[in-house]
Structures are given as C-alpha cells and as structure tokens.
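Raw protein-v4.cif, mmCIF, C-alpha atoms and all ligand atoms:
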```cif
data_work
loop_
_atom_site.label_atom_id
_atom_site.label_comp_id
_atom_site.auth_asym_id
_atom_site.auth_seq_id
_atom_site.Cartn_x
_atom_site.Cartn_y
_atom_site.Cartn_z
CA MET A 1 0.00 0.00 0.00
CA ASN A 2 1.47 3.34 -0.93
CA GLU A 3 1.45 6.46 1.22
CA GLU A 4 -1.13 8.23 -0.89
CA ILE A 5 -3.65 5.45 -0.36
CA TRP A 6 -2.92 5.16 3.33
CA ARG A 7 -3.32 8.93 3.74
CA ALA A 8 -6.73 8.73 2.00
CA VAL A 9 -7.82 6.05 4.50
CA VAL A 10 -6.59 8.01 7.53
CA GLU A 11 -8.12 11.28 6.35
CA CYS A 12 -11.37 9.65 5.09
CA ASP A 13 -10.86 11.45 1.80
CA PRO A 14 -14.05 11.27 -0.31
CA ALA A 15 -12.07 12.15 -3.44
CA TYR A 16 -10.90 8.54 -3.44
CA ASP A 17 -14.33 6.93 -3.25
CA GLY A 18 -14.79 4.57 -6.14
CA LYS A 19 -11.05 4.47 -6.80
CA PHE A 20 -10.38 1.78 -4.23
CA TYR A 21 -11.86 -0.05 -1.24
CA TYR A 22 -10.11 -1.15 1.89
CA GLY A 23 -10.74 -4.20 3.98
CA VAL A 24 -9.86 -4.66 7.62
CA LEU A 25 -8.81 -8.24 8.27
CA THR A 26 -9.49 -8.13 12.01
CA THR A 27 -13.12 -7.04 11.64
CA GLY A 28 -13.87 -8.78 8.33
CA ILE A 29 -15.37 -5.62 6.94
CA PHE A 30 -14.59 -3.46 3.94
CA CYS A 31 -15.12 0.29 3.53
CA LYS A 32 -14.99 3.22 1.15
CA PRO A 33 -12.04 5.57 1.66
CA SER A 34 -14.37 8.26 3.04
CA CYS A 35 -15.75 6.03 5.82
CA LYS A 36 -15.63 7.79 9.17
CA SER A 37 -15.23 4.60 11.18
CA ARG A 38 -12.18 4.28 13.43
CA THR A 39 -8.90 4.21 11.53
CA PRO A 40 -7.70 0.60 11.48
CA LYS A 41 -4.14 -0.52 12.15
CA ARG A 42 -2.22 -0.25 8.97
CA GLU A 43 -0.96 -3.84 9.04
CA HIS A 44 -4.56 -5.12 9.11
CA VAL A 45 -5.63 -3.19 6.05
CA ARG A 46 -5.88 -4.63 2.56
CA ILE A 47 -6.58 -2.53 -0.51
CA PHE A 48 -8.88 -3.58 -3.34
CA ALA A 49 -9.17 -1.85 -6.68
CA THR A 50 -12.77 -2.88 -7.26
CA LEU A 51 -15.89 -3.69 -5.31
CA ASP A 52 -15.91 -7.12 -6.90
CA GLU A 53 -12.45 -7.88 -5.64
CA ALA A 54 -13.33 -6.85 -2.09
CA GLN A 55 -16.50 -8.95 -2.08
CA ARG A 56 -14.76 -12.01 -3.45
CA THR A 57 -12.45 -12.14 -0.46
CA GLY A 58 -15.49 -12.79 1.74
CA LEU A 59 -15.29 -9.48 3.58
CA ARG A 60 -18.63 -7.92 4.46
CA PRO A 61 -19.60 -4.39 3.41
CA CYS A 62 -19.46 -1.88 6.27
CA LYS A 63 -22.93 -0.93 7.56
CA ARG A 64 -21.86 2.64 8.06
CA CYS A 65 -20.46 3.66 4.66
CA GLN A 66 -22.25 0.96 2.61
CA PRO A 67 -19.47 0.61 0.04
CA HIS A 68 -21.44 -1.96 -1.97
CA LYS A 69 -24.09 0.65 -2.73
CA THR A 70 -21.75 3.28 -4.14
CA GLY A 71 -22.16 2.15 -7.70
CA TRP A 72 -25.92 2.07 -7.44
CA GLN A 73 -26.14 5.46 -5.88
CA SER A 74 -24.04 7.12 -8.51
CA ALA A 75 -25.91 5.36 -11.31
CA ASP A 76 -29.20 6.61 -9.83
CA GLU A 77 -27.82 10.10 -9.41
CA GLU A 78 -26.66 10.07 -13.01
CA LEU A 79 -30.06 8.90 -14.14
CA THR A 80 -31.78 11.62 -12.11
CA GLN A 81 -29.53 14.26 -13.63
CA ARG A 82 -30.30 12.95 -17.12
CA ALA A 83 -34.00 13.20 -16.30
CA GLU A 84 -33.59 16.79 -15.09
CA GLN A 85 -31.72 17.66 -18.25
CA LEU A 86 -34.39 16.05 -20.41
CA ILE A 87 -37.07 18.06 -18.61
CA SER A 88 -35.12 21.31 -18.93
CA GLU A 89 -34.73 20.79 -22.65
CA CYS A 90 -38.16 19.40 -23.46
CA TYR A 91 -40.59 20.93 -20.96
CA THR A 92 -42.57 22.58 -23.77
CA GLU A 93 -43.48 19.15 -25.11
CA PRO A 94 -46.34 17.07 -23.70
CA LEU A 95 -44.05 14.97 -21.51
CA THR A 96 -45.57 12.20 -19.44
CA LEU A 97 -43.73 9.99 -16.97
CA ARG A 98 -43.98 7.15 -19.45
CA GLU A 99 -42.57 9.30 -22.23
CA MET A 100 -39.65 10.52 -20.11
CA ALA A 101 -38.86 6.98 -18.97
CA ALA A 102 -38.95 5.73 -22.56
CA ARG A 103 -36.47 8.42 -23.62
CA LEU A 104 -34.19 7.46 -20.75
CA PHE A 105 -34.53 3.74 -21.53
CA ILE A 106 -35.82 2.79 -18.09
CA SER A 107 -39.15 1.84 -16.57
CA PRO A 108 -41.53 4.62 -15.45
CA TYR A 109 -41.65 3.06 -12.00
CA TYR A 110 -37.89 3.10 -11.64
CA LEU A 111 -37.62 6.70 -12.81
CA LEU A 112 -40.28 7.81 -10.37
CA ARG A 113 -38.79 5.97 -7.42
CA CYS A 114 -35.26 7.09 -8.13
CA PHE A 115 -36.18 10.75 -8.73
CA ARG A 116 -38.33 10.90 -5.61
CA ARG A 117 -35.64 9.42 -3.44
CA LEU A 118 -32.92 11.80 -4.64
CA ARG A 119 -34.91 14.99 -5.24
CA ASP A 120 -37.89 14.72 -2.89
CA CYS A 121 -40.34 15.33 -5.71
CA SER A 122 -41.62 13.44 -8.73
CA PRO A 123 -40.38 14.11 -12.27
CA GLY A 124 -43.88 15.44 -12.97
CA GLN A 125 -43.58 18.01 -10.19
CA TYR A 126 -40.16 19.01 -11.43
CA LEU A 127 -41.61 19.42 -14.91
CA ILE A 128 -44.36 21.70 -13.60
CA ARG A 129 -41.77 23.77 -11.73
CA LYS A 130 -39.74 24.24 -14.93
CA ARG A 131 -42.84 25.24 -16.86
CA LEU A 132 -43.89 27.76 -14.23
CA GLU A 133 -40.40 29.24 -14.15
CA ALA A 134 -40.54 29.74 -17.90
CA ALA A 135 -44.08 31.11 -17.64
CA ARG A 136 -43.04 33.73 -15.09
CA GLU A 137 -40.29 34.87 -17.44
CA LEU A 138 -42.75 35.23 -20.31
CA LEU A 139 -45.37 37.00 -18.19
CA ARG A 140 -42.75 39.42 -16.94
CA GLY A 141 -40.84 40.02 -20.15
CA THR A 142 -43.37 39.74 -22.99
CA SER A 143 -46.88 40.87 -23.79
CA LEU A 144 -48.08 37.41 -24.81
CA SER A 145 -51.56 36.56 -23.60
CA VAL A 146 -51.98 34.13 -20.72
CA ALA A 147 -53.25 31.50 -23.17
CA GLN A 148 -50.20 31.99 -25.37
CA VAL A 149 -47.87 31.74 -22.40
CA ALA A 150 -49.62 28.56 -21.27
CA HIS A 151 -49.20 27.04 -24.68
CA GLN A 152 -45.55 28.07 -25.03
CA VAL A 153 -44.48 26.46 -21.78
CA GLY A 154 -46.21 23.17 -22.49
CA PHE A 155 -49.69 23.39 -20.93
CA ARG A 156 -52.37 22.11 -23.22
CA ASN A 157 -55.05 24.46 -21.97
CA SER A 158 -54.88 27.81 -20.24
CA ALA A 159 -57.46 26.99 -17.56
CA HIS A 160 -55.25 24.19 -16.31
CA PHE A 161 -52.23 26.47 -16.51
CA SER A 162 -53.96 29.18 -14.47
CA HIS A 163 -55.05 26.63 -11.90
CA VAL A 164 -51.55 25.21 -11.43
CA PHE A 165 -50.02 28.67 -11.46
CA HIS A 166 -52.38 29.87 -8.77
CA GLN A 167 -51.76 26.81 -6.65
CA GLU A 168 -48.04 27.38 -6.74
CA MET A 169 -47.84 31.19 -6.71
CA LYS A 170 -51.00 32.13 -4.77
CA GLN A 171 -51.69 34.56 -7.61
CA THR A 172 -53.30 34.23 -11.02
CA PRO A 173 -51.00 34.73 -14.03
CA THR A 174 -52.66 38.10 -14.64
CA GLU A 175 -52.17 39.22 -11.05
CA PHE A 176 -48.57 38.10 -11.23
CA ARG A 177 -48.00 40.08 -14.41
CA ARG A 178 -49.60 43.17 -12.91
CA SER A 179 -47.49 42.91 -9.76
CA THR A 180 -44.27 42.73 -11.75
CA LYS A 181 -45.28 45.79 -13.80
CA GLU A 182 -45.88 47.80 -10.65
CA GLU A 183 -42.42 47.13 -9.27
ZN ZN A 201 -17.19 1.89 6.45
#
```
If you convert what's in this file into structure tokens, what do you get?
Amino acid sequence: MNEEIWRAVVECDPAYDGKFYYGVLTTGIFCKPSCKSRTPKREHVRIFATLDEAQRTGLRPCKRCQPHKTGWQSADEELTQRAEQLISECYTEPLTLREMAARLFISPYYLLRCFRRLRDCSPGQYLIRKRLEAARELLRGTSLSVAQVAHQVGFRNSAHFSHVFHQEMKQTPTEFRRSTKEE
C-alpha cells in the first residue's frame, strides 16, 4: 500500500471513493475511503481496486459507509440528472412519466422511485416547476396573452395552466404580471 492510499484512509478522503476499497482483516469488513469509522491498524488493512475484488475475499460491506451501494447510488444520481436535463430541454413538449422513462430507456416506475428518493419530488412536479419558471419569465418580459404563455411552456389548456399557477404562486397569471409591472 502506498502512502497516498494510506493517507486517503486516515483522512477519510471522499475524493478517493470509487477508486479503491479497503478491507480490515481483524473485523472482516470493507469500507470506502471516506468512511468515518475508526482508523484501522495499517498492518490489518488490505486494498482492493474494485468492489468485486473486495467482495470475493469474503469481507462484508461496512454498515456505516455501505461501500457496496456506491455504484448504485451514482448510477441513480446520473439517471436523475439525465431526467432533469431532459425536462429542462423538453418541458414545452407534452411529456408524461412514461414518455420521459422511454427516452431514458428505463421503466416509469424506476424513474419515479429514483427521482423521488434523490430529489424529494416526482419528475412530474419538477416538470411543472420548470414550466412555471418559464411562464413567469414570459409574463414578466413579454406581452403574450396568458393563453399563449400557457401554450408556449407546455400546458395544453390555459385553464389548467392558471389553476396550477395559482396553486403554486398564490396569484393568477394576470395578477402576477400586474405585480411585476408595478415594481
Ligand atoms: Zn465503512
């Protein structure tokens, strides 16, 4: 084990997560570099380049840092970011959960569960938020009618748009526009 790796273990350096895992022979457990558990004796530590390698030795994943879940978490985070990007780029289209999931090549259920867990809202709620953001910009900066604004940001009818807008902003689109003009 080189000094750089040992230093990462001692300092619980998260920059090394995913680059290696370390097992502690006396406890039979393996950890991510960032794990805050007590620093083991150096002579008891073994370094593994991959998760697979660590698991094959029969060591158990640490309950605290859950090194075996790292890969999953980052894959889910990546997926969630791809979903956010898709929504940011395509919010004017009639996106449904099913449609988003299809474009991301995953199941609607998985997308929903993953997004909820990592962002505390559903992709649908995030979509609405994006649309309302864009709508506020248009109401503030253009003279488009409310119906035109609704249509441009992806709502199929303006009554539904006004309803959602009011729910979120506690103002109708027209009231919102008036209030920004008065500022
Ligand atoms: Zn650990």
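Using all atoms listed in the file, the nearest neighbour of ligand ZN 201 (chain A) within the list A:Leu111, A:Cys65, A:Val9, A:Ala134 is A:Cys65.
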Identify the residues within 12 Å of coordinate (-37.3, 8.2, -7.2) (same frame as the file), considering all atoms listed in the file, and give the answer as a ChimeraX atom specification. /A:73,76-77,79-81,83,97,101,107-124,126
Go through chain A residue by residue and, counting all atoms listed in the file, keep those with an atom at most 8 Å from ligand ZN 201 (chain A); for each kept residue give the shortest atom pair and its distance in Å to one decimal, ordered by chain and increasing number, as a tab-separated table.
```
residue	atom	partner	partner_atom	distance
A:Ile29	CA	A:ZN201	ZN	7.7
A:Phe30	CA	A:ZN201	ZN	6.5
A:Cys31	CA	A:ZN201	ZN	3.9
A:Lys32	CA	A:ZN201	ZN	5.9
A:Pro33	CA	A:ZN201	ZN	7.9
A:Ser34	CA	A:ZN201	ZN	7.8
A:Cys35	CA	A:ZN201	ZN	4.4
A:Lys36	CA	A:ZN201	ZN	6.7
A:Ser37	CA	A:ZN201	ZN	5.8
A:Pro61	CA	A:ZN201	ZN	7.4
A:Cys62	CA	A:ZN201	ZN	4.4
A:Lys63	CA	A:ZN201	ZN	6.5
A:Arg64	CA	A:ZN201	ZN	5.0
A:Cys65	CA	A:ZN201	ZN	4.1
A:Gln66	CA	A:ZN201	ZN	6.4
A:Pro67	CA	A:ZN201	ZN	6.9
```
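For the set A:Cys12, A:Arg82, A:Gly23, A:Glu137, the residue with the smallest atom-to-atom gap to Ile106 in chain A is A:Arg82, counting all atoms listed in the file.
By all atoms listed in the file, and with residues fewer than 5 positions from range 54-60 of chain A along its chain excluded, the set lying at most 9 Å from it is Tyr21, Tyr22, Gly23, Val24, Leu25, Thr27, Gly28, Ile29, Phe30, Cys31, Ile47, Phe48, Ala49 and His68 of chain A.
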Find the smallest box with edges along x, y and z containing every listed atom of range 158-164 of chain A, then add 3 Å on each side and report centre and edge lengths in Å to one decimal, as AutoDock Vina command-line options.
```
--center_x -54.5 --center_y 26.7 --center_z -15.8 --size_x 11.9 --size_y 11.0 --size_z 14.8
```
